[in-house]
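Structure, as structure tokens:
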Amino acid sequence: MSKATIEHDKGAAAAGDHGAHPTEAFYIKIALILAVVTGAEVALYYIDPPDAANISILLVMAAVKFAMVAAYFMHLRFDSRILRRLFLSGLVLAILVYVAYLMTLGVFI
Amino acid sequence: MASTATLHDPQGDAHSAHGVTNTGLSNEKLAMWTFLGSECLLFGALISTYFLYRGKTLSGVKPQELYDIPYTSVSSFVLLMSSLTMVLALAAIQRGDQRRLRVWLLATAFLGASFIAGQVYEFTSFIREGMTMKTNPASSAFYTLTGFHGVHVTLGIVMLLSLWNLSLRGKLGPERSEVVEIAGLYWHFVDVVWIVIFTIIYLIPS
């Protein structure tokens, strides 16, 4: 076994096990859930004039859809932890920086 | 290629030939995820700018007065379903089914093109209603944000059609499934960005 192969195997172990990708039927189920959540979002928009509670529910539904696409369609749930951390670093940094920026300018107050 | 694996094995082997490093991941996939992480900051800046201006516009038509929620909901649904067809294209190449790969790639490109056509129609109707890029800061921020997203979708369509062409010429075998996976990551990312835009720009009022 070459030194490169050993290094690669060590790296793969550190990166986490790469699980098998889901079946097509599973992907279709995820898409159906996403469609239902989108329908619920639009229904919520029409049922009530959006107040703080409705806005919170809309944000949670968007976060669920985001997480499902990232986890299952982008395979973050099954791929290396390194990739998950890399993407989450950018995402969390963006949320923190821009929420702080908007709060400084009084947008949420 | 200057991957770590290459540095450890100057003669090269199967891993280094495919760009695999000592992280166990290919350079290309790692690069795409890094790029997507940085794109979060780009779209975060554009969304924040829209948030900053949407409630402070004193003159002209405001974007939120013109939104057609049923129409945009259909567009959002179309883009969401394109993520399904994209992942089915990946599943097809991984099991060596070239015909279905091409069908799903074309379906994804078609759904993406439908989304873009919808956006062009939306922009045209907004301009007809008197909201141009220069009307007010909110309209400017709206067109910049959604326009930037549209450009990303358009680039994704170009990638998909290039992959379709490669497959048609027999240059996209199962051993190159990672190329489809990486293009798919980009495509799913533009979908998740739209999930955020649709909710916080269209559904949540100022």
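By order in the structure tokens, chains are A, B, ...; within a chain, residues start at 1; ligands start at 1, following the order shown.
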
How close does each residue of segment 62-131 of chain B get to segment 48-53 of chain B, giving the shortest atom pair and distance in Å to one decimal for every residue with an atom at most 12 Å away, counting only C-alpha atoms, sorted by chain and residue number, as a tab-separated table?
```
residue	atom	partner	partner_atom	distance
B:Lys62	CA	B:Tyr53	CA	10.2
B:Pro63	CA	B:Tyr50	CA	10.3
B:Gln64	CA	B:Tyr50	CA	11.4
```

(message) Set the cut-off to 7 Å and count only C-alpha atoms: what are the residues of chain B that reach chain A? Output as a PyMOL selection string.
(response) chain B and resi 5+8-9+21-24+30+33-34+36-38+40-41+44-45+48+52+77+81+84+87-88+185+188+192+195-196+199+203-204

N, CA and C atoms of the current selection, written as a short mmCIF file (atom, residue, chain, number, x, y, z; two decimals), in the first residue's frame:
```cif
data_model
loop_
_atom_site.label_atom_id
_atom_site.label_comp_id
_atom_site.auth_asym_id
_atom_site.auth_seq_id
_atom_site.Cartn_x
_atom_site.Cartn_y
_atom_site.Cartn_z
N ALA B 5 -2.12 14.30 -1.57
CA ALA B 5 -1.88 12.91 -1.95
C ALA B 5 -0.72 12.84 -2.93
N HIS B 8 2.62 13.14 -1.24
CA HIS B 8 3.04 11.92 -0.55
C HIS B 8 3.44 10.82 -1.51
N ASP B 9 3.01 10.91 -2.74
CA ASP B 9 3.25 9.84 -3.69
C ASP B 9 3.62 10.44 -5.04
N THR B 21 -7.68 13.94 -2.01
CA THR B 21 -6.63 14.39 -1.10
C THR B 21 -6.62 13.54 0.16
N ASN B 22 -5.78 13.89 1.12
CA ASN B 22 -5.74 13.10 2.35
C ASN B 22 -6.94 13.38 3.26
N THR B 23 -7.85 14.25 2.83
CA THR B 23 -9.11 14.41 3.57
C THR B 23 -10.10 13.33 3.15
N GLY B 24 -9.77 12.59 2.11
CA GLY B 24 -10.70 11.59 1.59
C GLY B 24 -11.73 12.19 0.64
N LEU B 30 -14.63 19.66 -2.67
CA LEU B 30 -14.26 20.55 -1.55
C LEU B 30 -14.34 22.01 -2.01
N TRP B 33 -18.01 23.16 -2.30
CA TRP B 33 -18.62 23.45 -1.00
C TRP B 33 -18.06 24.75 -0.41
N THR B 34 -16.76 25.00 -0.61
CA THR B 34 -16.17 26.25 -0.13
C THR B 34 -16.81 27.44 -0.85
N LEU B 36 -19.77 27.50 -2.21
CA LEU B 36 -21.16 27.66 -1.76
C LEU B 36 -21.22 28.35 -0.39
N GLY B 37 -20.25 28.03 0.47
CA GLY B 37 -20.17 28.71 1.77
C GLY B 37 -19.97 30.20 1.58
N SER B 38 -19.12 30.57 0.61
CA SER B 38 -18.87 32.00 0.36
C SER B 38 -20.08 32.66 -0.30
N CYS B 40 -23.08 32.11 0.47
CA CYS B 40 -24.01 32.47 1.56
C CYS B 40 -23.78 33.93 1.96
N LEU B 41 -22.53 34.33 1.98
CA LEU B 41 -22.19 35.72 2.35
C LEU B 41 -22.65 36.69 1.27
N GLY B 44 -26.40 36.81 1.46
CA GLY B 44 -26.72 37.46 2.74
C GLY B 44 -26.63 38.97 2.60
N ALA B 45 -25.60 39.46 1.89
CA ALA B 45 -25.43 40.90 1.69
C ALA B 45 -26.59 41.47 0.87
N SER B 48 -29.82 41.42 2.96
CA SER B 48 -29.74 42.47 4.00
C SER B 48 -30.00 43.84 3.41
N LEU B 52 -32.89 46.43 4.45
CA LEU B 52 -32.55 47.79 4.89
C LEU B 52 -33.42 48.84 4.20
N PHE B 77 -42.41 26.58 -6.75
CA PHE B 77 -42.68 25.15 -6.83
C PHE B 77 -41.89 24.52 -7.98
N MET B 81 -39.07 21.59 -7.60
CA MET B 81 -39.15 20.30 -8.27
C MET B 81 -37.93 20.04 -9.17
N LEU B 84 -35.52 17.97 -7.44
CA LEU B 84 -35.83 16.54 -7.48
C LEU B 84 -35.29 15.92 -8.76
N VAL B 87 -31.49 15.52 -8.64
CA VAL B 87 -30.99 14.42 -7.82
C VAL B 87 -31.29 13.07 -8.50
N LEU B 88 -32.37 13.03 -9.29
CA LEU B 88 -32.68 11.81 -10.04
C LEU B 88 -31.66 11.61 -11.18
N LEU B 185 -24.82 20.14 -6.79
CA LEU B 185 -24.67 20.94 -5.56
C LEU B 185 -24.96 22.41 -5.84
N HIS B 188 -28.77 22.80 -6.44
CA HIS B 188 -29.55 22.75 -5.19
C HIS B 188 -29.33 24.02 -4.38
N VAL B 192 -32.05 26.46 -2.65
CA VAL B 192 -32.21 26.84 -1.23
C VAL B 192 -32.16 28.37 -1.05
N ILE B 195 -35.59 29.47 -1.70
CA ILE B 195 -36.46 29.14 -0.56
C ILE B 195 -36.43 30.30 0.44
N VAL B 196 -35.24 30.82 0.69
CA VAL B 196 -35.08 31.94 1.63
C VAL B 196 -35.71 33.22 1.05
N THR B 199 -39.60 33.23 1.00
CA THR B 199 -40.24 33.42 2.31
C THR B 199 -40.01 34.83 2.84
N LEU B 203 -43.20 36.55 1.14
CA LEU B 203 -44.29 36.17 2.05
C LEU B 203 -44.35 37.01 3.33
N ILE B 204 -43.19 37.50 3.78
CA ILE B 204 -43.19 38.30 5.01
C ILE B 204 -43.20 39.78 4.63
#
```

Neighbour list for Met131 of chain B as an mmCIF file with C-alpha atoms, in the first residue's frame, cut-off 9 Å, only C-alpha atoms, skip fewer than 4 positions in-chain:
```cif
data_model
loop_
_atom_site.group_PDB
_atom_site.id
_atom_site.type_symbol
_atom_site.label_atom_id
_atom_site.label_comp_id
_atom_site.auth_asym_id
_atom_site.auth_seq_id
_atom_site.Cartn_x
_atom_site.Cartn_y
_atom_site.Cartn_z
ATOM 1 C CA GLY B 60 -42.618 55.544 -6.193
ATOM 2 C CA VAL B 61 -44.087 52.050 -6.326
ATOM 3 C CA LYS B 62 -42.757 49.679 -3.683
ATOM 4 C CA PRO B 63 -41.967 46.069 -4.698
ATOM 5 C CA LEU B 66 -46.778 44.572 -6.874
ATOM 6 C CA PHE B 123 -39.807 41.956 -14.144
ATOM 7 C CA SER B 125 -44.920 43.458 -15.559
ATOM 8 C CA PHE B 126 -43.284 45.338 -12.667
ATOM 9 C CA ILE B 127 -41.621 47.754 -15.093
ATOM 10 C CA THR B 135 -37.584 54.104 -9.019
ATOM 11 C CA ASN B 136 -36.395 53.910 -5.410
ATOM 12 C CA SER B 139 -36.827 48.556 -6.168
#
```

(request) If you run DSSP over the backbone, which residues in segment 24-176 of chain B end up helix (DSSP H, G or I)? Put them as JSON, numbers by chain. (result) {"B": [27, 28, 29, 30, 31, 32, 33, 34, 35, 36, 37, 38, 39, 40, 41, 42, 43, 44, 45, 46, 47, 48, 49, 50, 51, 52, 53, 54, 63, 64, 65, 66, 69, 70, 71, 72, 73, 74, 75, 76, 77, 78, 79, 80, 81, 82, 83, 84, 85, 86, 87, 88, 89, 90, 91, 92, 93, 94, 98, 99, 100, 101, 102, 103, 104, 105, 106, 107, 108, 109, 110, 111, 112, 113, 114, 115, 116, 117, 118, 119, 120, 121, 122, 123, 124, 125, 126, 127, 128, 137, 138, 139, 140, 141, 142, 143, 144, 145, 146, 147, 148, 149, 150, 151, 152, 153, 154, 155, 156, 157, 158, 159, 160, 161, 162, 163, 164, 165, 166, 167, 168, 174, 175, 176]}

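Taking atom CA of Gly173 of chain B as the reference point, atom CA of Phe189 of chain B is found at 24.4 Å.
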
(request) Quick one: pull the distance between atom CA of Thr104 of chain A and atom CA of Gly150 of chain B, Å, one decimal. (result) 29.7 Å

(message) as a PyMOL selection string, please: the residues near Thr72 of chain B (cut-off 9 Å, only C-alpha atoms, same-chain neighbours under 2 positions excluded).
(response) chain B and resi 67-70+74-77+118-119+122+198+202

Hey, can you spit out that residue selection with N, CA and C atoms as a PDB file, in the first residue's frame?
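Result file is result-v7.pdb:
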```pdb
ATOM      1  N   TYR B  67     -46.244  42.479  -5.732  1.00  0.00           N
ATOM      2  CA  TYR B  67     -46.038  41.027  -5.711  1.00  0.00           C
ATOM      3  C   TYR B  67     -47.312  40.283  -6.090  1.00  0.00           C
ATOM      4  N   ASP B  68     -47.133  39.271  -6.928  1.00  0.00           N
ATOM      5  CA  ASP B  68     -48.229  38.373  -7.293  1.00  0.00           C
ATOM      6  C   ASP B  68     -47.901  37.020  -6.645  1.00  0.00           C
ATOM      7  N   ILE B  69     -48.386  36.826  -5.431  1.00  0.00           N
ATOM      8  CA  ILE B  69     -47.978  35.650  -4.649  1.00  0.00           C
ATOM      9  C   ILE B  69     -48.355  34.314  -5.319  1.00  0.00           C
ATOM     10  N   PRO B  70     -49.575  34.162  -5.868  1.00  0.00           N
ATOM     11  CA  PRO B  70     -49.872  32.874  -6.522  1.00  0.00           C
ATOM     12  C   PRO B  70     -48.892  32.573  -7.657  1.00  0.00           C
ATOM     13  N   VAL B  74     -46.015  29.443  -7.785  1.00  0.00           N
ATOM     14  CA  VAL B  74     -45.859  28.428  -8.842  1.00  0.00           C
ATOM     15  C   VAL B  74     -44.401  28.380  -9.293  1.00  0.00           C
ATOM     16  N   SER B  75     -43.786  29.556  -9.471  1.00  0.00           N
ATOM     17  CA  SER B  75     -42.357  29.609  -9.860  1.00  0.00           C
ATOM     18  C   SER B  75     -41.496  28.905  -8.829  1.00  0.00           C
ATOM     19  N   SER B  76     -41.795  29.158  -7.553  1.00  0.00           N
ATOM     20  CA  SER B  76     -41.015  28.539  -6.475  1.00  0.00           C
ATOM     21  C   SER B  76     -41.173  27.024  -6.507  1.00  0.00           C
ATOM     22  N   PHE B  77     -42.412  26.583  -6.753  1.00  0.00           N
ATOM     23  CA  PHE B  77     -42.677  25.146  -6.826  1.00  0.00           C
ATOM     24  C   PHE B  77     -41.890  24.515  -7.981  1.00  0.00           C
ATOM     25  N   GLY B 118     -40.436  32.908 -16.064  1.00  0.00           N
ATOM     26  CA  GLY B 118     -41.361  33.504 -15.099  1.00  0.00           C
ATOM     27  C   GLY B 118     -40.796  34.781 -14.505  1.00  0.00           C
ATOM     28  N   GLN B 119     -39.508  34.768 -14.235  1.00  0.00           N
ATOM     29  CA  GLN B 119     -38.871  35.950 -13.655  1.00  0.00           C
ATOM     30  C   GLN B 119     -38.830  37.109 -14.669  1.00  0.00           C
ATOM     31  N   GLU B 122     -42.225  38.526 -14.733  1.00  0.00           N
ATOM     32  CA  GLU B 122     -42.476  39.309 -13.511  1.00  0.00           C
ATOM     33  C   GLU B 122     -41.800  40.676 -13.599  1.00  0.00           C
ATOM     34  N   PHE B 198     -37.999  33.599  -1.288  1.00  0.00           N
ATOM     35  CA  PHE B 198     -39.459  33.498  -1.409  1.00  0.00           C
ATOM     36  C   PHE B 198     -40.135  33.788  -0.066  1.00  0.00           C
ATOM     37  N   TYR B 202     -40.950  37.730  -0.260  1.00  0.00           N
ATOM     38  CA  TYR B 202     -42.313  37.763  -0.806  1.00  0.00           C
ATOM     39  C   TYR B 202     -43.396  37.543   0.265  1.00  0.00           C
TER      40      TYR B 202
END
```

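Here the question is which of B:Lys29, B:Val120, B:Arg102, B:Val158 gets nearest to Leu90 of chain B using only C-alpha atoms, and that residue is B:Arg102.
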
(message) As an exercise, work out the distance from atom CA of Phe110 of chain B to atom CA of Thr124 of chain B in Å and give it to one decimal place.
(response) 20.8 Å

(request) Do a neighbour search on segment 144-147 of chain B at 7 Å with only C-alpha atoms, toss out local chain neighbours closer than 4 positions, and write the hits as a count of residues only. (result) 4
